[in-house]
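**Student:** For reference, this is my_file_1.pdb, and it has PDB, C-alpha atoms and all ligand atoms.
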```
ATOM      1  CA  MET A  37      91.926 108.528 119.050
ATOM      2  CA  SER A  38      91.748 104.740 119.457
ATOM      3  CA  SER A  39      94.707 103.040 121.132
ATOM      4  CA  PRO A  40      96.705 100.469 119.158
ATOM      5  CA  THR A  41      95.491  96.873 119.340
ATOM      6  CA  PRO A  42      97.866  94.236 120.817
ATOM      7  CA  ASN A  43      98.458  92.871 117.292
ATOM      8  CA  SER A  44      99.351  96.255 115.845
ATOM      9  CA  ARG A  45     101.721  96.826 118.797
ATOM     10  CA  ILE A  46     103.458  93.510 118.027
ATOM     11  CA  ALA A  47     103.712  94.460 114.335
ATOM     12  CA  THR A  48     105.235  97.857 115.241
ATOM     13  CA  VAL A  49     107.751  96.285 117.612
ATOM     14  CA  THR A  50     108.724  93.717 114.952
ATOM     15  CA  ILE A  51     109.174  96.382 112.253
ATOM     16  CA  ASP A  52     111.257  98.426 114.653
ATOM     17  CA  LEU A  53     113.435  95.396 115.392
ATOM     18  CA  VAL A  54     113.797  94.612 111.683
ATOM     19  CA  ASP A  55     114.929  98.213 111.096
ATOM     20  CA  ARG A  56     117.494  97.946 113.878
ATOM     21  CA  ILE A  57     118.830  94.629 112.598
ATOM     22  CA  ASP A  58     118.883  95.875 109.015
ATOM     23  CA  ALA A  59     120.838  98.939 110.150
ATOM     24  CA  LEU A  60     123.710  96.625 111.164
ATOM     25  CA  LEU A  61     123.928  94.762 107.853
ATOM     26  CA  PRO A  62     126.409  95.784 105.158
ATOM     27  CA  GLN A  63     123.711  96.352 102.513
ATOM     28  CA  THR A  64     125.697  94.564  99.836
ATOM     29  CA  GLN A  65     122.358  93.001  98.785
ATOM     30  CA  CYS A  66     124.290  89.987  97.515
ATOM     31  CA  GLY A  67     121.802  87.342  98.647
ATOM     32  CA  LEU A  68     124.569  85.100  99.993
ATOM     33  CA  CYS A  69     122.491  84.720 103.147
ATOM     34  CA  LYS A  70     120.062  82.873 100.818
ATOM     35  CA  THR A  71     117.485  85.641 100.879
ATOM     36  CA  SER A  72     116.734  88.369  98.344
ATOM     37  CA  GLY A  73     118.696  91.038 100.224
ATOM     38  CA  CYS A  74     119.711  92.429 103.576
ATOM     39  CA  ARG A  75     116.249  93.452 104.736
ATOM     40  CA  PRO A  76     114.696  90.037 104.047
ATOM     41  CA  TYR A  77     117.482  88.474 106.113
ATOM     42  CA  ALA A  78     116.856  91.064 108.849
ATOM     43  CA  GLU A  79     113.197  90.012 108.819
ATOM     44  CA  GLN A  80     114.222  86.387 109.213
ATOM     45  CA  MET A  81     116.564  87.184 112.104
ATOM     46  CA  ALA A  82     113.778  89.111 113.833
ATOM     47  CA  GLN A  83     111.901  85.798 113.733
ATOM     48  CA  GLY A  84     114.812  83.868 115.223
ATOM     49  CA  GLU A  85     116.963  82.870 112.218
ATOM     50  CA  ALA A  86     120.673  82.280 112.924
ATOM     51  CA  ILE A  87     122.736  85.467 112.884
ATOM     52  CA  ASN A  88     125.830  84.143 111.092
ATOM     53  CA  HIS A  89     124.686  83.941 107.468
ATOM     54  CA  CYS A  90     125.884  87.340 106.285
ATOM     55  CA  VAL A  91     129.052  86.627 104.355
ATOM     56  CA  PRO A  92     130.261  90.179 103.603
ATOM     57  CA  GLY A  93     129.385  91.238 107.153
ATOM     58  CA  GLY A  94     131.778  88.718 108.687
ATOM     59  CA  ILE A  95     132.567  88.452 112.365
ATOM     60  CA  PRO A  96     132.107  92.180 113.251
ATOM     61  CA  THR A  97     128.521  92.031 111.991
ATOM     62  CA  ILE A  98     127.817  88.786 113.860
ATOM     63  CA  GLN A  99     129.034  90.430 117.049
ATOM     64  CA  ALA A 100     126.968  93.566 116.480
ATOM     65  CA  LEU A 101     123.881  91.432 115.832
ATOM     66  CA  ALA A 102     124.528  89.293 118.923
ATOM     67  CA  HIS A 103     124.807  92.447 121.015
ATOM     68  CA  LEU A 104     121.546  93.858 119.668
ATOM     69  CA  LEU A 105     119.635  90.598 119.988
ATOM     70  CA  GLN A 106     121.253  89.639 123.305
ATOM     71  CA  VAL A 107     122.274  86.201 122.059
ATOM     72  CA  GLN A 108     125.525  84.270 122.081
ATOM     73  CA  ALA A 109     127.682  85.272 119.093
ATOM     74  CA  PRO A 110     128.650  82.348 116.832
ATOM     75  CA  GLU A 111     132.401  82.320 116.255
ATOM     76  CA  GLN A 112     132.275  82.560 112.489
ATOM     77  CA  VAL A 113     130.109  82.963 109.431
ATOM     78  CA  ASP A 114     128.425  79.662 108.683
ATOM     79  CA  PRO A 115     130.733  78.174 105.997
ATOM     80  CA  ASP A 116     127.690  76.862 104.113
ATOM     81  CA  TYR A 117     127.036  80.475 103.133
ATOM     82  CA  GLY A 118     130.515  81.446 101.967
ATOM     83  CA  ILE A 119     133.775  83.024 103.006
ATOM     84  CA  THR A 120     134.029  86.700 103.884
ATOM     85  CA  PRO A 121     136.209  88.519 101.330
ATOM     86  CA  SER A 122     139.203  90.373 102.683
ATOM     87  CA  HIS A 123     138.599  93.472 100.502
ATOM     88  CA  ARG A 124     135.730  95.444  99.157
ATOM     89  CA  LEU A 125     135.188  94.461  95.534
ATOM     90  CA  VAL A 126     133.546  96.352  92.703
ATOM     91  CA  ALA A 127     132.382  95.297  89.294
ATOM     92  CA  PHE A 128     134.275  96.402  86.223
ATOM     93  CA  ILE A 129     132.921  96.119  82.668
ATOM     94  CA  ARG A 130     135.355  95.606  79.809
ATOM     95  CA  GLU A 131     133.426  98.140  77.813
ATOM     96  CA  ASP A 132     134.792  97.324  74.353
ATOM     97  CA  GLU A 133     133.359  93.806  74.717
ATOM     98  CA  CYS A 134     129.922  94.886  76.004
ATOM     99  CA  ILE A 135     127.094  94.230  73.532
ATOM    100  CA  GLY A 136     124.554  96.401  75.377
ATOM    101  CA  CYS A 137     122.133  93.596  76.248
ATOM    102  CA  THR A 138     121.106  95.296  79.572
ATOM    103  CA  LYS A 139     121.069  91.990  81.480
ATOM    104  CA  CYS A 140     123.502  93.359  84.071
ATOM    105  CA  ILE A 141     121.284  96.409  84.698
ATOM    106  CA  GLN A 142     118.342  94.131  85.337
ATOM    107  CA  ALA A 143     120.389  92.110  87.835
ATOM    108  CA  CYS A 144     121.921  94.976  89.814
ATOM    109  CA  PRO A 145     120.046  95.393  93.118
ATOM    110  CA  VAL A 146     121.268  98.943  93.706
ATOM    111  CA  ASP A 147     121.087 100.492  90.222
ATOM    112  CA  ALA A 148     124.853 100.875  89.990
ATOM    113  CA  ILE A 149     125.059 100.285  86.240
ATOM    114  CA  VAL A 150     124.252 102.804  83.536
ATOM    115  CA  GLY A 151     123.652 102.053  79.885
ATOM    116  CA  ALA A 152     120.880 101.447  77.405
ATOM    117  CA  ALA A 153     119.938  98.752  74.927
ATOM    118  CA  LYS A 154     122.651  98.201  72.312
ATOM    119  CA  LEU A 155     124.906 100.753  74.002
ATOM    120  CA  MET A 156     127.984 100.240  76.103
ATOM    121  CA  HIS A 157     127.342  99.835  79.841
ATOM    122  CA  THR A 158     129.428 101.103  82.685
ATOM    123  CA  ILE A 159     129.551 100.731  86.477
ATOM    124  CA  ILE A 160     129.082 103.630  88.874
ATOM    125  CA  GLU A 161     131.948 102.603  91.119
ATOM    126  CA  ALA A 162     130.762 104.643  94.105
ATOM    127  CA  GLU A 163     127.397 102.857  94.093
ATOM    128  CA  CYS A 164     128.595  99.317  93.390
ATOM    129  CA  THR A 165     128.448  97.055  96.444
ATOM    130  CA  GLY A 166     130.440  94.256  94.810
ATOM    131  CA  CYS A 167     127.512  91.889  95.178
ATOM    132  CA  ASN A 168     128.562  89.879  92.120
ATOM    133  CA  LEU A 169     124.986  89.537  90.864
ATOM    134  CA  CYS A 170     125.716  91.120  87.476
ATOM    135  CA  VAL A 171     128.539  88.750  86.588
ATOM    136  CA  ALA A 172     126.671  85.530  85.801
ATOM    137  CA  PRO A 173     123.924  87.086  83.612
ATOM    138  CA  CYS A 174     126.451  88.729  81.243
ATOM    139  CA  PRO A 175     126.288  86.654  78.048
ATOM    140  CA  VAL A 176     129.748  87.699  76.872
ATOM    141  CA  ASP A 177     131.422  87.418  80.261
ATOM    142  CA  CYS A 178     132.820  90.949  80.159
ATOM    143  CA  ILE A 179     132.280  91.820  83.834
ATOM    144  CA  ASP A 180     134.981  91.223  86.432
ATOM    145  CA  LEU A 181     135.028  91.898  90.135
ATOM    146  CA  VAL A 182     138.133  93.826  91.057
ATOM    147  CA  PRO A 183     139.398  95.360  94.309
ATOM    148  CA  GLY A 184     137.451  98.537  95.042
ATOM    149  CA  ALA A 185     138.020 101.601  97.194
ATOM    150  CA  ASP A 186     139.977 100.913 100.367
ATOM    151  CA  ILE A 187     136.920 101.103 102.609
ATOM    152  CA  PRO A 188     136.098  98.290 105.055
ATOM    153  CA  LEU A 189     133.044  96.133 104.402
ATOM    154  CA  THR A 190     131.472  96.983 107.755
ATOM    155  CA  TRP A 191     131.840  99.665 110.384
ATOM    156  CA  HIS A 192     131.400  97.613 113.559
ATOM    157  CA  PRO A 193     134.219  97.406 116.098
ATOM    158  CA  PRO A 194     136.600  95.813 116.794
ATOM    159  CA  GLN A 195     138.303  96.713 113.537
ATOM    160  CA  ASN A 196     141.725  98.044 112.867
ATOM    161  CA  GLU A 197     140.411 100.915 110.757
ATOM    162  CA  SER A 198     140.364 104.675 111.094
ATOM    163  CA  ALA A 199     137.182 106.347 112.274
ATOM    164  CA  ASP A 200     136.981 108.017 108.875
ATOM    165  CA  ALA A 201     137.137 104.672 107.014
ATOM    166  CA  LEU A 202     134.446 103.196 109.290
ATOM    167  CA  GLN A 203     132.230 106.219 108.686
ATOM    168  CA  GLN A 204     132.707 105.828 104.935
ATOM    169  CA  ALA A 205     131.667 102.159 105.209
ATOM    170  CA  LYS A 206     128.541 103.201 107.091
ATOM    171  CA  ASN A 207     127.726 105.944 104.556
ATOM    172  CA  ARG A 208     128.124 103.498 101.686
ATOM    173  CA  ALA A 209     125.790 101.008 103.366
ATOM    174  CA  ASP A 210     123.160 103.688 104.023
ATOM    175  CA  LYS A 211     123.276 104.770 100.390
ATOM    176  CA  ALA A 212     123.068 101.168  99.136
ATOM    177  CA  ARG A 213     120.011 100.552 101.350
ATOM    178  CA  GLU A 214     118.327 103.652  99.921
ATOM    179  CA  ARG A 215     119.038 102.583  96.354
ATOM    180  CA  PHE A 216     117.921  99.001  97.033
ATOM    181  CA  LEU A 217     114.611 100.141  98.532
ATOM    182  CA  ALA A 218     114.043 102.717  95.783
ATOM    183  CA  ARG A 219     114.644 100.075  93.137
ATOM    184  CA  ASN A 220     112.289  97.631  94.847
ATOM    185  CA  SER A 221     109.542 100.266  95.001
ATOM    186  CA  ARG A 222     110.055 101.103  91.351
ATOM    187  CA  LEU A 223     109.899  97.421  90.354
ATOM    188  CA  ALA A 224     106.808  96.865  92.497
ATOM    189  CA  LEU A 225     105.062  99.793  90.771
ATOM    190  CA  ALA A 226     106.068  98.481  87.344
ATOM    191  CA  THR A 227     104.791  94.995  88.226
ATOM    192  CA  GLU A 228     101.522  96.468  89.459
ATOM    193  CA  ALA A 229     101.112  98.496  86.259
ATOM    194  CA  LEU A 230     101.852  95.422  84.142
ATOM    195  CA  ALA A 231      99.336  93.341  86.070
ATOM    196  CA  LYS A 232      96.752  96.101  85.548
ATOM    197  CA  ARG A 233      97.417  96.202  81.805
ATOM    198  CA  LYS A 234      97.139  92.407  81.621
ATOM    199  CA  ALA A 235      93.876  92.445  83.560
ATOM    200  CA  GLU A 236      92.534  95.123  81.182
ATOM    201  CA  LYS A 237      93.457  92.991  78.194
ATOM    202  CA  ALA A 238      91.980  89.917  79.784
ATOM    203  CA  LYS A 239      88.623  91.640  80.313
ATOM    204  CA  PRO A 240      85.988  89.274  78.899
ATOM    205  CA  ALA A 241      84.628  90.217  75.474
ATOM    206  CA  LEU A 242      80.985  91.282  75.318
ATOM    207  CA  THR A 243      78.498  88.503  75.778
ATOM    208  CA  ASP A 244      76.198  87.623  72.876
ATOM    209  CA  ALA A 245      73.306  89.245  74.727
ATOM    210  CA  GLU A 246      75.239  92.507  75.229
ATOM    211  CA  ARG A 247      76.284  92.612  71.586
ATOM    212  CA  SER A 248      72.768  91.932  70.363
ATOM    213  CA  ALA A 249      71.428  94.710  72.654
ATOM    214  CA  LEU A 250      73.847  97.131  70.977
ATOM    215  CA  MET A 251      72.748  95.947  67.529
ATOM    216  CA  ILE A 252      69.088  96.434  68.417
ATOM    217  CA  ALA A 253      69.781  99.905  69.840
ATOM    218  CA  ALA A 254      71.642 100.921  66.664
ATOM    219  CA  ALA A 255      68.872  99.546  64.423
ATOM    220  CA  MET A 256      66.166 101.336  66.435
ATOM    221  CA  ALA A 257      68.028 104.637  66.325
ATOM    222  CA  ARG A 258      68.494 104.298  62.543
ATOM    223  CA  SER A 259      64.851 103.443  62.054
ATOM    224  CA  GLN A 260      63.622 106.422  64.143
ATOM    225  CA  LEU A 261      65.828 108.716  62.119
ATOM    226  CA  LYS A 262      64.571 107.299  58.791
ATOM    227  CA  LYS A 263      60.966 107.535  59.932
ATOM    228  CA  ALA A 264      61.364 111.210  60.887
ATOM    229  CA  GLU A 265      63.145 111.968  57.595
ATOM    230  CA  LYS A 266      60.364 110.212  55.636
ATOM    231  CA  GLN A 267      57.627 112.089  57.493
ATOM    232  CA  LEU A 268      59.331 115.400  56.879
ATOM    233  CA  SER A 269      59.777 114.617  53.151
ATOM    234  CA  ALA A 270      56.084 113.796  52.863
ATOM    235  CA  ILE A 271      55.114 117.037  54.590
ATOM    236  CA  GLN A 272      57.486 119.064  52.446
ATOM    237  CA  ALA A 273      56.093 117.351  49.293
ATOM    238  CA  ARG A 274      52.762 118.941  50.175
ATOM    239  CA  GLY A 275      54.466 122.324  50.253
ATOM    240  CA  GLU A 276      54.328 122.464  54.042
ATOM    241  CA  THR A 277      56.870 121.985  56.837
ATOM    242  CA  SER A 278      57.111 120.710  60.439
ATOM    243  CA  GLU A 279      59.038 122.749  62.949
ATOM    244  CA  VAL A 280      58.860 119.827  65.424
ATOM    245  CA  LEU A 281      60.439 117.338  63.000
ATOM    246  CA  LEU A 282      63.057 119.863  61.921
ATOM    247  CA  ALA A 283      64.038 120.330  65.561
ATOM    248  CA  GLN A 284      64.122 116.577  66.247
ATOM    249  CA  LEU A 285      66.236 115.563  63.260
ATOM    250  CA  PRO A 286      69.715 116.692  64.541
ATOM    251  CA  GLU A 287      69.146 114.830  67.821
ATOM    252  CA  LEU A 288      67.991 111.696  66.024
ATOM    253  CA  ARG A 289      71.031 111.812  63.717
ATOM    254  CA  ALA A 290      73.391 112.184  66.705
ATOM    255  CA  ALA A 291      71.683 109.325  68.545
ATOM    256  CA  ALA A 292      71.913 107.057  65.472
ATOM    257  CA  GLN A 293      75.605 107.889  65.051
ATOM    258  CA  ALA A 294      76.371 107.251  68.753
ATOM    259  CA  ALA A 295      74.597 103.887  68.677
ATOM    260  CA  GLN A 296      76.482 102.912  65.515
ATOM    261  CA  ASP A 297      79.834 103.959  67.077
ATOM    262  CA  ALA A 298      79.133 101.887  70.195
ATOM    263  CA  LEU A 299      78.345  98.890  68.019
ATOM    264  CA  GLU A 300      81.554  99.269  65.994
ATOM    265  CA  LYS A 301      83.670  99.779  69.123
ATOM    266  CA  SER A 302      82.293  96.577  70.627
ATOM    267  CA  ALA A 303      83.327  94.681  67.482
ATOM    268  CA  LEU A 304      86.956  95.799  68.043
ATOM    269  CA  ALA A 305      87.064  94.801  71.724
TER
HETATM  270  S1  LIG B 401     125.132  91.599 102.687
HETATM  271 FE1  LIG B 401     124.473  89.840 101.492
HETATM  272  S2  LIG B 401     124.657  88.138 102.908
HETATM  273 FE2  LIG B 401     124.726  89.986 104.141
HETATM  274  S3  LIG B 401     122.613  90.302 104.773
HETATM  275 FE3  LIG B 401     122.944  91.496 102.930
HETATM  276  S4  LIG B 401     122.259  90.177 101.295
HETATM  277 FE4  LIG B 401     122.554  88.871 103.055
HETATM  278  S1  LIG B 402     127.321  96.574  89.512
HETATM  279 FE1  LIG B 402     127.276  94.354  89.753
HETATM  280  S2  LIG B 402     128.524  93.950  91.528
HETATM  281 FE2  LIG B 402     128.054  96.131  91.543
HETATM  282  S3  LIG B 402     126.231  96.302  92.802
HETATM  283 FE3  LIG B 402     125.517  96.111  90.725
HETATM  284  S4  LIG B 402     125.197  93.934  90.412
HETATM  285 FE4  LIG B 402     126.421  94.168  92.251
HETATM  286  S1  LIG B 403     125.401  92.023  80.651
HETATM  287 FE1  LIG B 403     127.449  92.236  79.779
HETATM  288  S2  LIG B 403     127.108  92.547  77.583
HETATM  289 FE2  LIG B 403     125.137  92.860  78.588
HETATM  290  S3  LIG B 403     125.065  95.087  78.913
HETATM  291 FE3  LIG B 403     125.915  94.191  80.773
HETATM  292  S4  LIG B 403     128.120  94.236  80.489
HETATM  293 FE4  LIG B 403     127.215  94.575  78.502
END
```
Could you render the structure as structure tokens?
**Tutor:**
Amino acid sequence: MSSPTPNSRIATVTIDLVDRIDALLPQTQCGLCKTSGCRPYAEQMAQGEAINHCVPGGIPTIQALAHLLQVQAPEQVDPDYGITPSHRLVAFIREDECIGCTKCIQACPVDAIVGAAKLMHTIIEAECTGCNLCVAPCPVDCIDLVPGADIPLTWHPPQNESADALQQAKNRADKARERFLARNSRLALATEALAKRKAEKAKPALTDAERSALMIAAAMARSQLKKAEKQLSAIQARGETSEVLLAQLPELRAAAQAAQDALEKSALA
């Protein structure tokens, strides 16, 4: 077995570091760190980005990151990114006002909303990270963020929370990460399938030369068939028959039909 190249070793070390950084983040997937989620911010930090952009993570997360990365911990979340909320929030849909447009479902990074087109939507409270991303897209403004379960936003010490509450925070984050990654994979597959369909549709139509080759092939097949039929008729008119022509005719008919089908199919493309 060949040993890993220096580059692949660097890539493995970086992925490992990204995983370890990501494991400390609250997995709210809110994008307040000005990325598209916790993992993208973890990737940036692995490359040296400042460690105090995670708003929901607050000071405990900064300290955990500083410890992992062996850097000085900034004293607070960079105020340009926002202010850490004091409570976990969850989204709440005023269901009688919902028009079933599905815009909130499309915006939710962790698939915490259920519903279907033209039907009422509802939040799965246990899966909602309170990221706020569904609020702005709602055209009838029927989503509020309200205080959620009494579980801390992060699980890093020092925090004045019970071990059970910290474990619940960690479990919630792990679940949110799973749902975020599953959703991203699903979207990536859907995008790939769409791109494939578009590429299929965009396939260039037949060239003039290709179309004329099909026309010639169809005409030749028709003509061979007619010739054989004519020869057989002439033979039969003399009161004789031709076993050879009789055997050839079904094949010639099938060939003429296939050539005609190919020609018609090319006209639809
Ligand atoms: S919780 Fe929000 S701000 Fe913190 S890393 Fe995740 S996406 Fe960024
Ligand atoms: S329901 Fe709304 S607030 Fe909750 S995770 Fe989804 S997008 Fe974020
Ligand atoms: S965005 Fe608002 S109106 Fe549309 S489905 Fe969601 S809650 Fe209902």
**Student:** Taking all atoms listed in the file into account, name the residue in A:Ala224, A:Cys170, A:Ala270, A:Leu250 that is nearest to ligand LIG 402 (chain B).
**Tutor:** A:Cys170
**Student:** Taking a cut-off of 6 Å and counting all atoms listed in the file, can you build a table that, for each residue of chain A near ligand LIG 403 (chain B), reports the nearest atom pair and how far apart they are in Å (one decimal), sorted by chain then residue number, as a tab-separated table?
**Tutor:**
```
residue	atom	partner	partner_atom	distance
A:Ile129	CA	B:LIG403	S4	5.6
A:Cys134	CA	B:LIG403	FE4	3.7
A:Ile135	CA	B:LIG403	S2	4.4
A:Gly136	CA	B:LIG403	S3	3.8
A:Cys137	CA	B:LIG403	FE2	3.9
A:Thr138	CA	B:LIG403	S3	4.0
A:Lys139	CA	B:LIG403	S1	4.4
A:Cys140	CA	B:LIG403	S1	4.1
A:His157	CA	B:LIG403	S3	5.3
A:Pro173	CA	B:LIG403	S1	5.9
A:Cys174	CA	B:LIG403	S1	3.5
A:Pro175	CA	B:LIG403	FE1	6.0
A:Val176	CA	B:LIG403	S2	5.6
A:Cys178	CA	B:LIG403	FE1	5.5
A:Ile179	CA	B:LIG403	S4	5.9
```
**Student:** Mind listing the residues within 7 Å of ligand LIG 401 (chain B), all atoms listed in the file counted, as an mmCIF file with C-alpha atoms, in the frame of the given file?
**Tutor:**
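File written: part19.cif
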```
data_model
loop_
_atom_site.group_PDB
_atom_site.id
_atom_site.type_symbol
_atom_site.label_atom_id
_atom_site.label_comp_id
_atom_site.auth_asym_id
_atom_site.auth_seq_id
_atom_site.Cartn_x
_atom_site.Cartn_y
_atom_site.Cartn_z
ATOM 1 C CA LEU A 61 123.928 94.762 107.853
ATOM 2 C CA PRO A 62 126.409 95.784 105.158
ATOM 3 C CA GLN A 63 123.711 96.352 102.513
ATOM 4 C CA THR A 64 125.697 94.564 99.836
ATOM 5 C CA GLN A 65 122.358 93.001 98.785
ATOM 6 C CA CYS A 66 124.290 89.987 97.515
ATOM 7 C CA GLY A 67 121.802 87.342 98.647
ATOM 8 C CA LEU A 68 124.569 85.100 99.993
ATOM 9 C CA CYS A 69 122.491 84.720 103.147
ATOM 10 C CA LYS A 70 120.062 82.873 100.818
ATOM 11 C CA THR A 71 117.485 85.641 100.879
ATOM 12 C CA SER A 72 116.734 88.369 98.344
ATOM 13 C CA GLY A 73 118.696 91.038 100.224
ATOM 14 C CA CYS A 74 119.711 92.429 103.576
ATOM 15 C CA TYR A 77 117.482 88.474 106.113
ATOM 16 C CA HIS A 89 124.686 83.941 107.468
ATOM 17 C CA CYS A 90 125.884 87.340 106.285
ATOM 18 C CA VAL A 91 129.052 86.627 104.355
ATOM 19 C CA PRO A 92 130.261 90.179 103.603
ATOM 20 C CA GLY A 93 129.385 91.238 107.153
#
```
**Student:** Write as a VMD selection string the residues around ligand LIG 402 (chain B), taking 7 Å as the cut-off and counting all atoms listed in the file.
**Tutor:** chain A and resid 126 to 127 140 143 to 149 159 163 to 171 181
**Student:** Measuring between all atoms listed in the file, which one of A:Asp116, A:Glu161, A:Asp210, A:Glu265 shows the shortest distance to Ala185 (chain A)?
**Tutor:**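 For Ala185 (chain A), the nearest of the candidates is A:Glu161.
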**Student:** Closest to Val113 (chain A) among A:Ala82, A:Ile98, A:Ala201, A:Ala255, using all atoms listed in the file?
**Tutor:**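 Closest candidate: A:Ile98.
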**Student:** Give as a list in words the residues that the PyMOL selection byres (((chain A and resi 83) around 12) and not hetatm) matches when applied to the coordinates above.
**Tutor:** Ala47, Val49, Thr50, Ile51, Leu53, Val54, Ile57, Pro76, Tyr77, Ala78, Glu79, Gln80, Met81, Ala82, Gly84, Glu85, Ala86, Ile87 and Leu105 of chain A
**Student:** Write a file of the selected residues as a PDB file, keeping the file's coordinate frame, keeping C-alpha atoms.
**Tutor:**
```pdb
ATOM      1  CA  ALA A  47     103.712  94.460 114.335  1.00  0.00           C
ATOM      2  CA  VAL A  49     107.751  96.285 117.612  1.00  0.00           C
ATOM      3  CA  THR A  50     108.724  93.717 114.952  1.00  0.00           C
ATOM      4  CA  ILE A  51     109.174  96.382 112.253  1.00  0.00           C
ATOM      5  CA  LEU A  53     113.435  95.396 115.392  1.00  0.00           C
ATOM      6  CA  VAL A  54     113.797  94.612 111.683  1.00  0.00           C
ATOM      7  CA  ILE A  57     118.830  94.629 112.598  1.00  0.00           C
ATOM      8  CA  PRO A  76     114.696  90.037 104.047  1.00  0.00           C
ATOM      9  CA  TYR A  77     117.482  88.474 106.113  1.00  0.00           C
ATOM     10  CA  ALA A  78     116.856  91.064 108.849  1.00  0.00           C
ATOM     11  CA  GLU A  79     113.197  90.012 108.819  1.00  0.00           C
ATOM     12  CA  GLN A  80     114.222  86.387 109.213  1.00  0.00           C
ATOM     13  CA  MET A  81     116.564  87.184 112.104  1.00  0.00           C
ATOM     14  CA  ALA A  82     113.778  89.111 113.833  1.00  0.00           C
ATOM     15  CA  GLY A  84     114.812  83.868 115.223  1.00  0.00           C
ATOM     16  CA  GLU A  85     116.963  82.870 112.218  1.00  0.00           C
ATOM     17  CA  ALA A  86     120.673  82.280 112.924  1.00  0.00           C
ATOM     18  CA  ILE A  87     122.736  85.467 112.884  1.00  0.00           C
ATOM     19  CA  LEU A 105     119.635  90.598 119.988  1.00  0.00           C
TER      20      LEU A 105
END
```
**Student:** May I ask for the distance between CA of Lys211 (chain A) and CA of Arg124 (chain A), given in Å to one decimal place?
**Tutor:**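 Computing the Euclidean distance for CA of Lys211 (chain A) and CA of Arg124 (chain A) yields 15.6 Å.
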**Student:** Looking at all atoms listed in the file, which of A:Arg215, A:Asp180, A:Ala241, A:Tyr117 is the one that sits closest to Arg130 (chain A)?
**Tutor:**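 For Arg130 (chain A), the nearest of the given residues is A:Asp180.
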**Student:** In Å, with one decimal, what is the gap from CA of Lys266 (chain A) to CA of Ala291 (chain A)?
**Tutor:**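 Value for the CA of Lys266 (chain A)-CA of Ala291 (chain A) distance: 17.2 Å.
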**Student:** List the residues selected by the PyMOL selection byres (((chain A and resi 109) around 10) and not hetatm) in the file shown, writing them as number ranges by chain.
**Tutor:** A: 86-88, 95, 97-103, 105-108, 110-112
**Student:** Closest to Asp177 (chain A) among A:Pro286, A:Ser278, A:Glu131, A:Arg222, using all atoms listed in the file?
**Tutor:** A:Glu131
**Student:** Do you know which residues are at most 6 Å from region 190-192 of chain A counting all atoms listed in the file, after dropping those on the same chain fewer than 5 positions away, and could you put them as JSON, numbers by chain?
**Tutor:** {"A": [62, 96, 202, 205, 206]}
**Student:** When you draw a straight line from CA of Lys232 (chain A) to CA of Gln296 (chain A), how long is it in Å?
**Tutor:**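 Going from CA of Lys232 (chain A) over to CA of Gln296 (chain A), I get 29.3 Å.
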**Student:** To box region 245-260 of chain A, take all atoms listed in the file, fit an axis-aligned box, add 3 Å on each side, and give centre and edge lengths in Å to one decimal, as AutoDock Vina command-line options.
**Tutor:**
```
--center_x 70.0 --center_y 97.8 --center_z 68.6 --size_x 18.7 --size_y 23.2 --size_z 19.2
```
